[in-house]
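Data from query.txt: compact mmCIF, C-alpha atoms
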```
# COMPACT_ATOMS: atom_id res chain seq x y z
CA MET A 1 96.80 95.75 100.32
CA ARG A 2 95.21 98.49 98.28
CA THR A 3 91.95 100.34 98.85
CA VAL A 4 89.78 102.62 96.77
CA PHE A 5 87.36 105.09 98.37
CA HIS A 6 84.35 106.11 96.26
CA VAL A 7 83.33 109.71 96.94
CA SER A 8 80.13 111.17 95.43
CA THR A 9 79.01 113.80 97.96
CA THR A 10 80.62 116.81 99.60
CA ASP A 11 79.78 115.21 102.93
CA GLN A 12 81.86 112.14 102.02
CA LEU A 13 84.68 114.47 100.89
CA SER A 14 84.60 116.18 104.30
CA TYR A 15 85.77 113.05 106.10
CA VAL A 16 87.46 110.87 103.50
CA ASP A 17 90.85 112.31 104.43
CA ALA A 18 90.38 111.07 108.01
CA LYS A 19 89.41 107.62 106.70
CA VAL A 20 92.51 107.48 104.49
CA THR A 21 94.71 108.64 107.36
CA ASN A 22 93.20 106.05 109.71
CA LEU A 23 93.77 103.30 107.14
CA LEU A 24 97.42 104.22 106.61
CA ALA A 25 97.97 104.54 110.38
CA ASP A 26 96.59 101.05 111.06
CA ASP A 27 99.68 98.98 111.86
CA SER A 28 97.76 95.70 111.75
CA LEU A 29 97.85 95.65 107.94
CA THR A 30 100.18 96.85 105.23
CA VAL A 31 98.58 99.22 102.77
CA THR A 32 100.68 100.08 99.75
CA ALA A 33 98.19 102.18 97.81
CA VAL A 34 95.05 104.21 98.38
CA ALA A 35 92.95 105.91 95.73
CA VAL A 36 90.03 108.28 96.12
CA VAL A 37 87.71 108.30 93.10
CA VAL A 38 85.37 111.28 92.76
CA ASP A 39 82.45 110.95 90.34
CA ASN A 40 80.29 114.00 91.06
CA PRO A 41 80.58 117.55 89.62
CA ALA A 42 79.70 119.28 92.91
CA VAL A 43 82.44 117.37 94.71
CA ILE A 44 84.93 118.33 92.03
CA ASP A 45 83.99 121.98 92.51
CA ALA A 46 84.31 121.59 96.28
CA ALA A 47 87.77 120.11 95.79
CA ALA A 48 88.96 123.21 93.96
CA GLY A 49 89.00 125.48 96.98
CA GLY A 50 88.66 125.98 100.71
CA ASP A 51 88.17 123.05 103.01
CA GLY A 52 87.61 120.53 100.19
CA ARG A 53 90.92 121.46 98.59
CA GLU A 54 92.71 120.93 101.90
CA ARG A 55 91.19 117.48 102.25
CA VAL A 56 92.36 116.48 98.79
CA GLU A 57 95.83 117.75 99.58
CA THR A 58 95.82 115.78 102.82
CA VAL A 59 94.97 112.59 100.94
CA LEU A 60 97.67 113.21 98.34
CA ALA A 61 100.30 113.71 101.07
CA ALA A 62 99.06 110.98 103.42
CA GLY A 63 101.11 108.11 102.06
CA GLY A 64 104.52 109.58 102.74
CA ASP A 65 107.26 107.21 101.65
CA ASP A 66 105.25 104.12 102.50
CA ALA A 67 102.18 104.18 100.29
CA ASP A 68 100.99 105.67 97.02
CA THR A 69 97.93 107.87 97.32
CA ALA A 70 95.94 109.14 94.37
CA VAL A 71 92.87 111.28 93.80
CA ARG A 72 91.13 110.69 90.49
CA VAL A 73 88.15 112.56 89.11
CA CYS A 74 85.68 111.10 86.62
CA ALA A 75 86.00 112.64 83.15
CA ASN A 76 82.20 112.67 82.78
CA ALA A 77 81.73 114.47 86.09
CA LEU A 78 84.49 116.90 85.15
CA ARG A 79 82.47 117.99 82.13
CA GLY A 80 79.59 118.89 84.47
CA ALA A 81 81.77 120.78 86.93
CA THR A 82 82.64 124.46 86.89
CA ALA A 83 86.20 123.70 87.97
CA THR A 84 88.68 122.26 85.49
CA LEU A 85 91.42 119.73 86.21
CA GLU A 86 93.85 122.67 86.34
CA ASP A 87 91.84 124.24 89.17
CA LEU A 88 92.37 121.16 91.37
CA PRO A 89 95.42 120.51 93.56
CA ALA A 90 98.53 119.34 91.72
CA GLY A 91 98.57 115.57 91.52
CA VAL A 92 94.83 115.07 91.01
CA GLU A 93 94.32 112.89 87.97
CA ARG A 94 91.58 112.45 85.39
CA ALA A 95 89.97 109.00 85.18
CA SER A 96 88.35 107.83 81.95
CA SER A 97 85.22 107.35 84.06
CA GLY A 98 84.61 107.00 87.78
CA VAL A 99 82.73 103.73 87.45
CA GLY A 100 85.33 102.41 85.03
CA GLU A 101 88.12 103.22 87.47
CA LEU A 102 86.24 101.59 90.37
CA THR A 103 85.67 98.48 88.26
CA ARG A 104 89.26 98.30 87.06
CA LEU A 105 90.79 98.66 90.51
CA GLN A 106 88.53 96.04 92.11
CA ALA A 107 89.21 93.66 89.21
CA ASP A 108 92.88 94.16 90.00
CA GLY A 109 92.33 93.16 93.64
CA TRP A 110 91.71 96.47 95.37
CA SER A 111 89.22 96.65 98.23
CA TYR A 112 86.28 99.06 97.85
CA ILE A 113 84.94 101.38 100.50
CA ARG A 114 81.95 103.69 100.22
CA PRO A 115 82.79 106.13 103.02
CA MET B 116 85.18 92.84 83.63
CA ARG B 117 81.80 92.71 85.29
CA THR B 118 80.18 95.20 87.65
CA VAL B 119 77.18 95.11 89.94
CA PHE B 120 75.42 98.31 91.06
CA HIS B 121 73.56 98.14 94.36
CA VAL B 122 70.45 100.35 94.33
CA SER B 123 68.39 100.93 97.50
CA THR B 124 66.91 104.41 97.04
CA THR B 125 64.84 106.11 94.36
CA ASP B 126 67.57 108.75 94.20
CA GLN B 127 70.11 106.07 93.25
CA LEU B 128 67.65 104.70 90.67
CA SER B 129 67.39 108.16 89.14
CA TYR B 130 71.02 108.15 88.01
CA VAL B 131 72.10 104.52 87.88
CA ASP B 132 71.26 104.36 84.17
CA ALA B 133 73.76 107.16 83.52
CA LYS B 134 76.41 105.31 85.56
CA VAL B 135 75.81 102.09 83.61
CA THR B 136 75.95 103.97 80.31
CA ASN B 137 79.18 105.71 81.33
CA LEU B 138 80.73 102.40 82.30
CA LEU B 139 79.83 100.71 79.02
CA ALA B 140 81.02 103.76 77.04
CA ASP B 141 84.45 103.75 78.72
CA ASP B 142 86.79 102.43 76.04
CA SER B 143 89.68 102.05 78.46
CA LEU B 144 88.27 98.79 79.82
CA THR B 145 86.20 95.91 78.50
CA VAL B 146 83.01 95.33 80.41
CA THR B 147 81.14 92.17 79.46
CA ALA B 148 78.34 92.29 82.03
CA VAL B 149 76.57 94.77 84.25
CA ALA B 150 73.89 93.99 86.81
CA VAL B 151 71.74 96.35 88.84
CA VAL B 152 70.47 94.79 92.07
CA VAL B 153 67.49 96.49 93.73
CA ASP B 154 66.74 95.59 97.35
CA ASN B 155 64.10 98.11 98.42
CA PRO B 156 60.30 97.98 98.00
CA ALA B 157 59.94 101.71 97.23
CA VAL B 158 62.51 101.43 94.45
CA ILE B 159 60.68 98.43 93.00
CA ASP B 160 57.47 100.45 92.96
CA ALA B 161 59.31 103.36 91.34
CA ALA B 162 60.63 100.99 88.68
CA ALA B 163 57.10 99.98 87.68
CA GLY B 164 56.16 103.28 86.06
CA GLY B 165 57.15 106.73 84.87
CA ASP B 166 60.72 107.89 85.03
CA GLY B 167 61.90 104.91 87.07
CA ARG B 168 60.58 102.47 84.50
CA GLU B 169 62.42 104.33 81.73
CA ARG B 170 65.68 104.12 83.66
CA VAL B 171 65.31 100.36 84.10
CA GLU B 172 64.58 99.98 80.41
CA THR B 173 67.65 102.07 79.61
CA VAL B 174 69.84 99.76 81.70
CA LEU B 175 68.37 96.64 80.11
CA ALA B 176 69.07 98.00 76.62
CA ALA B 177 72.45 99.60 77.40
CA GLY B 178 74.65 96.62 76.62
CA GLY B 179 73.68 96.24 72.99
CA ASP B 180 75.57 93.38 71.37
CA ASP B 181 78.67 93.93 73.51
CA ALA B 182 77.62 93.36 77.10
CA ASP B 183 74.94 91.62 79.11
CA THR B 184 72.91 93.89 81.32
CA ALA B 185 70.51 92.66 83.96
CA VAL B 186 68.20 94.21 86.53
CA ARG B 187 67.39 91.95 89.48
CA VAL B 188 65.02 92.67 92.33
CA CYS B 189 65.30 91.13 95.79
CA ALA B 190 62.55 88.59 96.51
CA ASN B 191 62.22 89.90 100.07
CA ALA B 192 61.82 93.50 98.90
CA LEU B 193 59.34 92.33 96.27
CA ARG B 194 57.07 91.02 99.02
CA GLY B 195 57.04 94.49 100.56
CA ALA B 196 56.34 96.30 97.30
CA THR B 197 52.96 97.12 95.80
CA ALA B 198 54.23 96.27 92.31
CA THR B 199 54.70 92.65 91.29
CA LEU B 200 57.41 91.26 89.03
CA GLU B 201 54.87 91.33 86.21
CA ASP B 202 54.43 95.08 86.65
CA LEU B 203 58.13 95.68 85.96
CA PRO B 204 59.69 96.02 82.50
CA ALA B 205 60.19 92.76 80.60
CA GLY B 206 63.59 91.31 81.39
CA VAL B 207 63.71 92.29 85.05
CA GLU B 208 64.51 89.21 87.10
CA ARG B 209 63.81 88.06 90.63
CA ALA B 210 66.86 87.41 92.86
CA SER B 211 66.61 84.98 95.78
CA SER B 212 67.75 87.92 97.91
CA GLY B 213 69.48 91.20 97.14
CA VAL B 214 72.29 90.63 99.62
CA GLY B 215 72.68 87.04 98.41
CA GLU B 216 72.99 88.18 94.81
CA LEU B 217 75.52 90.87 95.75
CA THR B 218 77.55 88.30 97.69
CA ARG B 219 77.40 85.71 94.92
CA LEU B 220 78.47 88.11 92.16
CA GLN B 221 81.41 89.52 94.13
CA ALA B 222 82.51 86.00 95.09
CA ASP B 223 82.51 85.29 91.35
CA GLY B 224 84.81 88.23 90.70
CA TRP B 225 82.40 91.06 89.95
CA SER B 226 83.23 94.58 91.09
CA TYR B 227 80.73 96.31 93.41
CA ILE B 228 79.58 99.90 93.17
CA ARG B 229 77.21 101.69 95.53
CA PRO B 230 76.08 104.51 93.24
CA MET C 231 80.93 82.71 100.98
CA ARG C 232 81.56 85.51 103.44
CA THR C 233 80.11 89.01 103.52
CA VAL C 234 80.96 92.18 105.40
CA PHE C 235 78.36 94.91 105.94
CA HIS C 236 79.72 98.44 106.44
CA VAL C 237 77.53 100.46 108.82
CA SER C 238 78.15 104.18 109.38
CA THR C 239 74.70 105.60 110.21
CA THR C 240 72.02 104.78 112.75
CA ASP C 241 69.63 104.38 109.83
CA GLN C 242 71.84 101.61 108.41
CA LEU C 243 72.01 100.02 111.86
CA SER C 244 68.19 99.98 112.00
CA TYR C 245 67.92 97.50 109.14
CA VAL C 246 71.29 95.74 108.92
CA ASP C 247 69.95 92.90 111.10
CA ALA C 248 67.23 92.24 108.53
CA LYS C 249 69.82 92.22 105.74
CA VAL C 250 72.01 89.75 107.64
CA THR C 251 69.01 87.54 108.38
CA ASN C 252 67.93 87.61 104.73
CA LEU C 253 71.43 86.67 103.62
CA LEU C 254 71.67 83.73 105.98
CA ALA C 255 68.15 82.59 105.05
CA ASP C 256 68.96 82.55 101.33
CA ASP C 257 69.23 78.85 100.48
CA SER C 258 70.63 79.55 97.02
CA LEU C 259 74.10 80.20 98.43
CA THR C 260 76.17 78.99 101.38
CA VAL C 261 77.32 81.76 103.67
CA THR C 262 79.78 80.70 106.34
CA ALA C 263 80.54 84.07 107.88
CA VAL C 264 79.04 87.52 108.16
CA ALA C 265 80.63 90.56 109.78
CA VAL C 266 79.17 93.96 110.50
CA VAL C 267 81.79 96.70 110.76
CA VAL C 268 80.74 99.92 112.50
CA ASP C 269 82.94 102.98 112.00
CA ASN C 270 80.93 105.85 113.48
CA PRO C 271 80.72 107.06 117.11
CA ALA C 272 76.98 107.80 116.99
CA VAL C 273 76.27 104.27 115.77
CA ILE C 274 78.41 102.82 118.56
CA ASP C 275 76.39 104.82 121.07
CA ALA C 276 73.16 103.65 119.45
CA ALA C 277 74.37 100.06 119.72
CA ALA C 278 74.77 100.37 123.49
CA GLY C 279 71.07 100.49 124.30
CA GLY C 280 67.47 100.21 123.19
CA ASP C 281 66.59 99.25 119.66
CA GLY C 282 70.18 99.47 118.38
CA ARG C 283 71.38 97.04 121.03
CA GLU C 284 68.68 94.57 120.03
CA ARG C 285 69.74 94.74 116.40
CA VAL C 286 73.37 94.03 117.30
CA GLU C 287 72.26 91.09 119.43
CA THR C 288 70.14 89.81 116.54
CA VAL C 289 73.17 89.89 114.24
CA LEU C 290 75.38 88.13 116.77
CA ALA C 291 72.80 85.34 117.18
CA ALA C 292 71.77 85.11 113.51
CA GLY C 293 74.29 82.52 112.40
CA GLY C 294 73.21 79.75 114.71
CA ASP C 295 75.30 76.64 114.18
CA ASP C 296 75.75 77.30 110.47
CA ALA C 297 77.61 80.58 110.17
CA ASP C 298 79.89 82.82 112.20
CA THR C 299 78.57 86.32 112.75
CA ALA C 300 80.62 89.15 114.17
CA VAL C 301 80.11 92.80 115.00
CA ARG C 302 83.28 94.86 115.07
CA VAL C 303 83.63 98.52 116.01
CA CYS C 304 86.39 100.79 114.77
CA ALA C 305 88.89 101.70 117.49
CA ASN C 306 89.05 105.29 116.20
CA ALA C 307 85.26 105.68 116.28
CA LEU C 308 85.22 104.11 119.74
CA ARG C 309 87.41 106.93 121.02
CA GLY C 310 84.80 109.43 119.80
CA ALA C 311 81.85 107.57 121.30
CA THR C 312 80.37 108.00 124.76
CA ALA C 313 79.87 104.24 125.08
CA THR C 314 82.82 101.98 125.75
CA LEU C 315 83.35 98.46 124.43
CA GLU C 316 82.09 97.17 127.77
CA ASP C 317 78.78 98.99 127.26
CA LEU C 318 78.11 97.05 124.05
CA PRO C 319 76.52 93.58 123.87
CA ALA C 320 78.80 90.70 124.77
CA GLY C 321 80.60 89.45 121.69
CA VAL C 322 81.11 92.81 120.01
CA GLU C 323 84.77 93.16 119.11
CA ARG C 324 87.17 96.05 118.65
CA ALA C 325 88.75 96.41 115.20
CA SER C 326 92.11 98.16 114.80
CA SER C 327 90.27 100.47 112.39
CA GLY C 328 87.03 100.17 110.46
CA VAL C 329 88.62 100.90 107.10
CA GLY C 330 91.48 98.51 107.90
CA GLU C 331 89.05 95.74 108.75
CA LEU C 332 87.04 96.36 105.56
CA THR C 333 90.24 96.28 103.52
CA ARG C 334 91.55 93.14 105.19
CA LEU C 335 88.33 91.16 104.80
CA GLN C 336 87.91 92.04 101.12
CA ALA C 337 91.56 91.21 100.46
CA ASP C 338 90.78 87.83 102.00
CA GLY C 339 87.88 87.28 99.58
CA TRP C 340 84.90 88.62 101.49
CA SER C 341 82.13 90.40 99.61
CA TYR C 342 81.33 93.99 100.64
CA ILE C 343 77.89 95.48 101.08
CA ARG C 344 77.05 99.06 101.98
CA PRO C 345 73.52 98.55 103.30
```
Starting from the file, give its structure as structure tokens.
Amino acid sequence: MRTVFHVSTTDQLSYVDAKVTNLLADDSLTVTAVAVVVDNPAVIDAAAGGDGRERVETVLAAGGDDADTAVRVCANALRGATATLEDLPAGVERASSGVGELTRLQADGWSYIRP
Amino acid sequence: MRTVFHVSTTDQLSYVDAKVTNLLADDSLTVTAVAVVVDNPAVIDAAAGGDGRERVETVLAAGGDDADTAVRVCANALRGATATLEDLPAGVERASSGVGELTRLQADGWSYIRP
Amino acid sequence: MRTVFHVSTTDQLSYVDAKVTNLLADDSLTVTAVAVVVDNPAVIDAAAGGDGRERVETVLAAGGDDADTAVRVCANALRGATATLEDLPAGVERASSGVGELTRLQADGWSYIRP
């Protein structure tokens, strides 16, 4: 199974890593991919440094050899942020749009969680 | 693909038009229908005038010739609102219930976004 | 159709029973199962007594003979709560994880609502 987390506030960013970790640690289901989609400029800025950056890095490393994990930022939100894609942890990707990515993944069978 | 946005606060109403516009402008996927489902009396009242009304009108016009866009208000929430369906912009529809509409659309393959 | 409600705040708990009741009362669709998944320690504590307990009991009884209703609490959140599973209304179940349960149900075709 595959799950996308939709993060729009710095509060949601502050615990999404724990949610991703809990999901991947749940032995009662097999999760092969997790994505976190960020669609807010302030969250992108928070992800560039400090605690927010650590949480993004935790998500990116959480899958180990068993699951793919991705963090994708909305291109529209990126234009409103101070940080650029280069300021974010290595591995963070640009999505054509947050809402487009959330639509595409669900249409492909992913589960959606608003943490 | 088709996407439903679930709006329950005036804050969510204040930016859902931008989310719908971003989705329809995303050339990396083909979106044929977008619905905004409102299930809160205060949001219905906000949609009857001023800025809220403009945002509803923006959603209703956002699809152009390429996509259907709809705004549907929960019949239960409508009973709690001061505004009536007639007070809302032309084209806004009444849903039997907000949660019923959200269930029905997802069961029919629509993606869900809590903006 | 089947619907899962994802509850993470005491505010959401305070009206999720009304949402479940509205869904089951909506004659325009047939709902055979509703689940409420709680993934926050404070909400688990709120569900152990007073108004929160009544709302959980309302959900558990809402289906009558026509629909199954369940309330499931995240095992991880349960570890952070003061209340134990035994302190909650009879019928409340333990989920291996909240996010796992939300993923599993959607993968099985359930609709998702963040109330």
Quiz prompt | Contacts of segment 89-96 of chain A at 6 Å (only C-alpha atoms; same-chain gap of 5+ positions) as a list of chain:residue names | solution = A:Val71, A:Arg72, A:Val73, A:Cys74, A:Ala75
Practice problem: Figure out the distance between atom CA of Asp202 of chain B and atom CA of Ala176 of chain B, please, to one decimal in Å. | Solution: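 Taking atom CA of Ala176 of chain B and atom CA of Asp202 of chain B, their separation equals 18.0 Å.
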Exercise. Mind checking which residues fall within 12 Å of Pro230 of chain B, counting all atoms listed in the file, ignoring those fewer than 6 positions away in the same chain, and posting them as a VMD selection string?
Key: (chain A and resid 6 to 9 38 to 40 98 to 99 102 113 to 115) or (chain B and resid 118 to 135 151 to 153) or (chain C and resid 344 to 345)
Practice problem: Write out as a list in words each polymer residue whose atoms come within 7 Å of Gln221 of chain B, counting all atoms listed in the file; drop sequence neighbours fewer than 5 positions from it. | Solution: Ser226 and Tyr227 of chain B; Ser341 of chain C
Selected residues written out with C-alpha atoms, as a PDB file, in the coordinates of the input:
```pdb
ATOM      1  CA  SER B 226      83.230  94.580  91.090  1.00  0.00           C
ATOM      2  CA  TYR B 227      80.730  96.310  93.410  1.00  0.00           C
TER       3      TYR B 227
ATOM      4  CA  SER C 341      82.130  90.400  99.610  1.00  0.00           C
TER       5      SER C 341
END
```
Superposition output for chain C against chain A, all Cα paired in order, as a PDB file with C-alpha atoms, in the frame of the given file:
```pdb
ATOM      1  CA  MET C 231      96.800  95.747 100.315  1.00  0.00           C
ATOM      2  CA  ARG C 232      95.195  98.488  98.267  1.00  0.00           C
ATOM      3  CA  THR C 233      91.940 100.337  98.858  1.00  0.00           C
ATOM      4  CA  VAL C 234      89.778 102.620  96.756  1.00  0.00           C
ATOM      5  CA  PHE C 235      87.363 105.085  98.367  1.00  0.00           C
ATOM      6  CA  HIS C 236      84.359 106.110  96.250  1.00  0.00           C
ATOM      7  CA  VAL C 237      83.325 109.715  96.940  1.00  0.00           C
ATOM      8  CA  SER C 238      80.138 111.167  95.433  1.00  0.00           C
ATOM      9  CA  THR C 239      79.007 113.798  97.964  1.00  0.00           C
ATOM     10  CA  THR C 240      80.632 116.796  99.599  1.00  0.00           C
ATOM     11  CA  ASP C 241      79.776 115.212 102.939  1.00  0.00           C
ATOM     12  CA  GLN C 242      81.872 112.157 102.019  1.00  0.00           C
ATOM     13  CA  LEU C 243      84.676 114.462 100.883  1.00  0.00           C
ATOM     14  CA  SER C 244      84.609 116.180 104.297  1.00  0.00           C
ATOM     15  CA  TYR C 245      85.781 113.056 106.106  1.00  0.00           C
ATOM     16  CA  VAL C 246      87.457 110.860 103.486  1.00  0.00           C
ATOM     17  CA  ASP C 247      90.860 112.315 104.441  1.00  0.00           C
ATOM     18  CA  ALA C 248      90.365 111.078 108.000  1.00  0.00           C
ATOM     19  CA  LYS C 249      89.414 107.626 106.707  1.00  0.00           C
ATOM     20  CA  VAL C 250      92.513 107.478 104.499  1.00  0.00           C
ATOM     21  CA  THR C 251      94.712 108.631 107.374  1.00  0.00           C
ATOM     22  CA  ASN C 252      93.195 106.035 109.709  1.00  0.00           C
ATOM     23  CA  LEU C 253      93.778 103.307 107.143  1.00  0.00           C
ATOM     24  CA  LEU C 254      97.408 104.213 106.620  1.00  0.00           C
ATOM     25  CA  ALA C 255      97.955 104.536 110.382  1.00  0.00           C
ATOM     26  CA  ASP C 256      96.590 101.045 111.054  1.00  0.00           C
ATOM     27  CA  ASP C 257      99.683  98.980 111.860  1.00  0.00           C
ATOM     28  CA  SER C 258      97.761  95.706 111.753  1.00  0.00           C
ATOM     29  CA  LEU C 259      97.849  95.646 107.953  1.00  0.00           C
ATOM     30  CA  THR C 260     100.187  96.853 105.210  1.00  0.00           C
ATOM     31  CA  VAL C 261      98.565  99.222 102.761  1.00  0.00           C
ATOM     32  CA  THR C 262     100.673 100.079  99.741  1.00  0.00           C
ATOM     33  CA  ALA C 263      98.193 102.180  97.808  1.00  0.00           C
ATOM     34  CA  VAL C 264      95.059 104.201  98.379  1.00  0.00           C
ATOM     35  CA  ALA C 265      92.948 105.910  95.730  1.00  0.00           C
ATOM     36  CA  VAL C 266      90.031 108.268  96.109  1.00  0.00           C
ATOM     37  CA  VAL C 267      87.714 108.295  93.097  1.00  0.00           C
ATOM     38  CA  VAL C 268      85.374 111.280  92.758  1.00  0.00           C
ATOM     39  CA  ASP C 269      82.452 110.950  90.349  1.00  0.00           C
ATOM     40  CA  ASN C 270      80.295 114.005  91.046  1.00  0.00           C
ATOM     41  CA  PRO C 271      80.571 117.556  89.633  1.00  0.00           C
ATOM     42  CA  ALA C 272      79.689 119.282  92.918  1.00  0.00           C
ATOM     43  CA  VAL C 273      82.442 117.376  94.717  1.00  0.00           C
ATOM     44  CA  ILE C 274      84.943 118.339  92.018  1.00  0.00           C
ATOM     45  CA  ASP C 275      83.985 121.975  92.509  1.00  0.00           C
ATOM     46  CA  ALA C 276      84.305 121.584  96.273  1.00  0.00           C
ATOM     47  CA  ALA C 277      87.768 120.102  95.786  1.00  0.00           C
ATOM     48  CA  ALA C 278      88.953 123.213  93.947  1.00  0.00           C
ATOM     49  CA  GLY C 279      89.003 125.499  96.969  1.00  0.00           C
ATOM     50  CA  GLY C 280      88.684 125.991 100.701  1.00  0.00           C
ATOM     51  CA  ASP C 281      88.171 123.067 103.013  1.00  0.00           C
ATOM     52  CA  GLY C 282      87.622 120.546 100.200  1.00  0.00           C
ATOM     53  CA  ARG C 283      90.934 121.461  98.598  1.00  0.00           C
ATOM     54  CA  GLU C 284      92.713 120.934 101.907  1.00  0.00           C
ATOM     55  CA  ARG C 285      91.200 117.484 102.277  1.00  0.00           C
ATOM     56  CA  VAL C 286      92.351 116.472  98.793  1.00  0.00           C
ATOM     57  CA  GLU C 287      95.837 117.754  99.579  1.00  0.00           C
ATOM     58  CA  THR C 288      95.814 115.787 102.837  1.00  0.00           C
ATOM     59  CA  VAL C 289      94.978 112.596 100.941  1.00  0.00           C
ATOM     60  CA  LEU C 290      97.667 113.207  98.338  1.00  0.00           C
ATOM     61  CA  ALA C 291     100.291 113.711 101.072  1.00  0.00           C
ATOM     62  CA  ALA C 292      99.045 110.977 103.428  1.00  0.00           C
ATOM     63  CA  GLY C 293     101.107 108.112 102.075  1.00  0.00           C
ATOM     64  CA  GLY C 294     104.507 109.590 102.733  1.00  0.00           C
ATOM     65  CA  ASP C 295     107.255 107.223 101.655  1.00  0.00           C
ATOM     66  CA  ASP C 296     105.234 104.126 102.510  1.00  0.00           C
ATOM     67  CA  ALA C 297     102.172 104.183 100.290  1.00  0.00           C
ATOM     68  CA  ASP C 298     100.984 105.678  97.021  1.00  0.00           C
ATOM     69  CA  THR C 299      97.916 107.867  97.317  1.00  0.00           C
ATOM     70  CA  ALA C 300      95.940 109.143  94.368  1.00  0.00           C
ATOM     71  CA  VAL C 301      92.875 111.276  93.797  1.00  0.00           C
ATOM     72  CA  ARG C 302      91.134 110.683  90.493  1.00  0.00           C
ATOM     73  CA  VAL C 303      88.138 112.549  89.100  1.00  0.00           C
ATOM     74  CA  CYS C 304      85.681 111.096  86.618  1.00  0.00           C
ATOM     75  CA  ALA C 305      85.994 112.636  83.152  1.00  0.00           C
ATOM     76  CA  ASN C 306      82.195 112.679  82.782  1.00  0.00           C
ATOM     77  CA  ALA C 307      81.710 114.478  86.107  1.00  0.00           C
ATOM     78  CA  LEU C 308      84.490 116.887  85.154  1.00  0.00           C
ATOM     79  CA  ARG C 309      82.475 117.981  82.133  1.00  0.00           C
ATOM     80  CA  GLY C 310      79.592 118.891  84.460  1.00  0.00           C
ATOM     81  CA  ALA C 311      81.764 120.780  86.935  1.00  0.00           C
ATOM     82  CA  THR C 312      82.641 124.464  86.891  1.00  0.00           C
ATOM     83  CA  ALA C 313      86.210 123.690  87.967  1.00  0.00           C
ATOM     84  CA  THR C 314      88.673 122.254  85.491  1.00  0.00           C
ATOM     85  CA  LEU C 315      91.430 119.743  86.202  1.00  0.00           C
ATOM     86  CA  GLU C 316      93.855 122.659  86.344  1.00  0.00           C
ATOM     87  CA  ASP C 317      91.845 124.235  89.172  1.00  0.00           C
ATOM     88  CA  LEU C 318      92.367 121.166  91.368  1.00  0.00           C
ATOM     89  CA  PRO C 319      95.430 120.527  93.562  1.00  0.00           C
ATOM     90  CA  ALA C 320      98.526 119.361  91.728  1.00  0.00           C
ATOM     91  CA  GLY C 321      98.564 115.588  91.503  1.00  0.00           C
ATOM     92  CA  VAL C 322      94.840 115.079  91.008  1.00  0.00           C
ATOM     93  CA  GLU C 323      94.321 112.891  87.963  1.00  0.00           C
ATOM     94  CA  ARG C 324      91.579 112.454  85.391  1.00  0.00           C
ATOM     95  CA  ALA C 325      89.981 108.999  85.185  1.00  0.00           C
ATOM     96  CA  SER C 326      88.352 107.827  81.947  1.00  0.00           C
ATOM     97  CA  SER C 327      85.218 107.345  84.062  1.00  0.00           C
ATOM     98  CA  GLY C 328      84.616 106.987  87.780  1.00  0.00           C
ATOM     99  CA  VAL C 329      82.713 103.727  87.458  1.00  0.00           C
ATOM    100  CA  GLY C 330      85.342 102.395  85.040  1.00  0.00           C
ATOM    101  CA  GLU C 331      88.123 103.214  87.469  1.00  0.00           C
ATOM    102  CA  LEU C 332      86.238 101.582  90.364  1.00  0.00           C
ATOM    103  CA  THR C 333      85.657  98.484  88.249  1.00  0.00           C
ATOM    104  CA  ARG C 334      89.249  98.290  87.056  1.00  0.00           C
ATOM    105  CA  LEU C 335      90.791  98.660  90.510  1.00  0.00           C
ATOM    106  CA  GLN C 336      88.543  96.031  92.098  1.00  0.00           C
ATOM    107  CA  ALA C 337      89.204  93.655  89.205  1.00  0.00           C
ATOM    108  CA  ASP C 338      92.881  94.154  90.001  1.00  0.00           C
ATOM    109  CA  GLY C 339      92.335  93.157  93.645  1.00  0.00           C
ATOM    110  CA  TRP C 340      91.714  96.472  95.361  1.00  0.00           C
ATOM    111  CA  SER C 341      89.234  96.653  98.223  1.00  0.00           C
ATOM    112  CA  TYR C 342      86.289  99.057  97.851  1.00  0.00           C
ATOM    113  CA  ILE C 343      84.944 101.378 100.506  1.00  0.00           C
ATOM    114  CA  ARG C 344      81.957 103.686 100.221  1.00  0.00           C
ATOM    115  CA  PRO C 345      82.791 106.120 103.022  1.00  0.00           C
TER     116      PRO C 345
END
```
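For the pair atom CA of Glu86 of chain A and atom CA of Asp66 of chain A, the interatomic distance is 27.1 Å.
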Practice problem: One decimal, Å: what's the distance from atom CA of Thr58 of chain A over to atom CA of Thr21 of chain A, could you say? | Solution: 8.5 Å
Quiz prompt | Nearest residue to Arg170 of chain B from the set B:Val158, B:Leu139, B:Asn191, B:Thr218 (distances using only C-alpha atoms) | solution = B:Val158
Exercise. Just the residues within 8 Å of Ser143 of chain B, please, counting only C-alpha atoms, with nothing from its chain fewer than 2 positions along; format it as an MDAnalysis selection string.
Key: (chainID A and resid 96 100) or (chainID B and resid 141 145)
Can you write out the residues you just picked, keeping C-alpha atoms, as a PDB file, in the frame of the given file?
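Just written: selection01.pdb:
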```pdb
ATOM      1  CA  SER A  96      88.350 107.830  81.950  1.00  0.00           C
ATOM      2  CA  GLY A 100      85.330 102.410  85.030  1.00  0.00           C
TER       3      GLY A 100
ATOM      4  CA  ASP B 141      84.450 103.750  78.720  1.00  0.00           C
ATOM      5  CA  THR B 145      86.200  95.910  78.500  1.00  0.00           C
TER       6      THR B 145
END
```
Exercise. Go through C:Arg334, C:Asn252, C:Glu284, C:Pro271 and flag the residue nearest Gly310 of chain C, using only C-alpha atoms for the distances.
Key: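 Counting only C-alpha atoms, the residue closest to Gly310 of chain C is C:Pro271.
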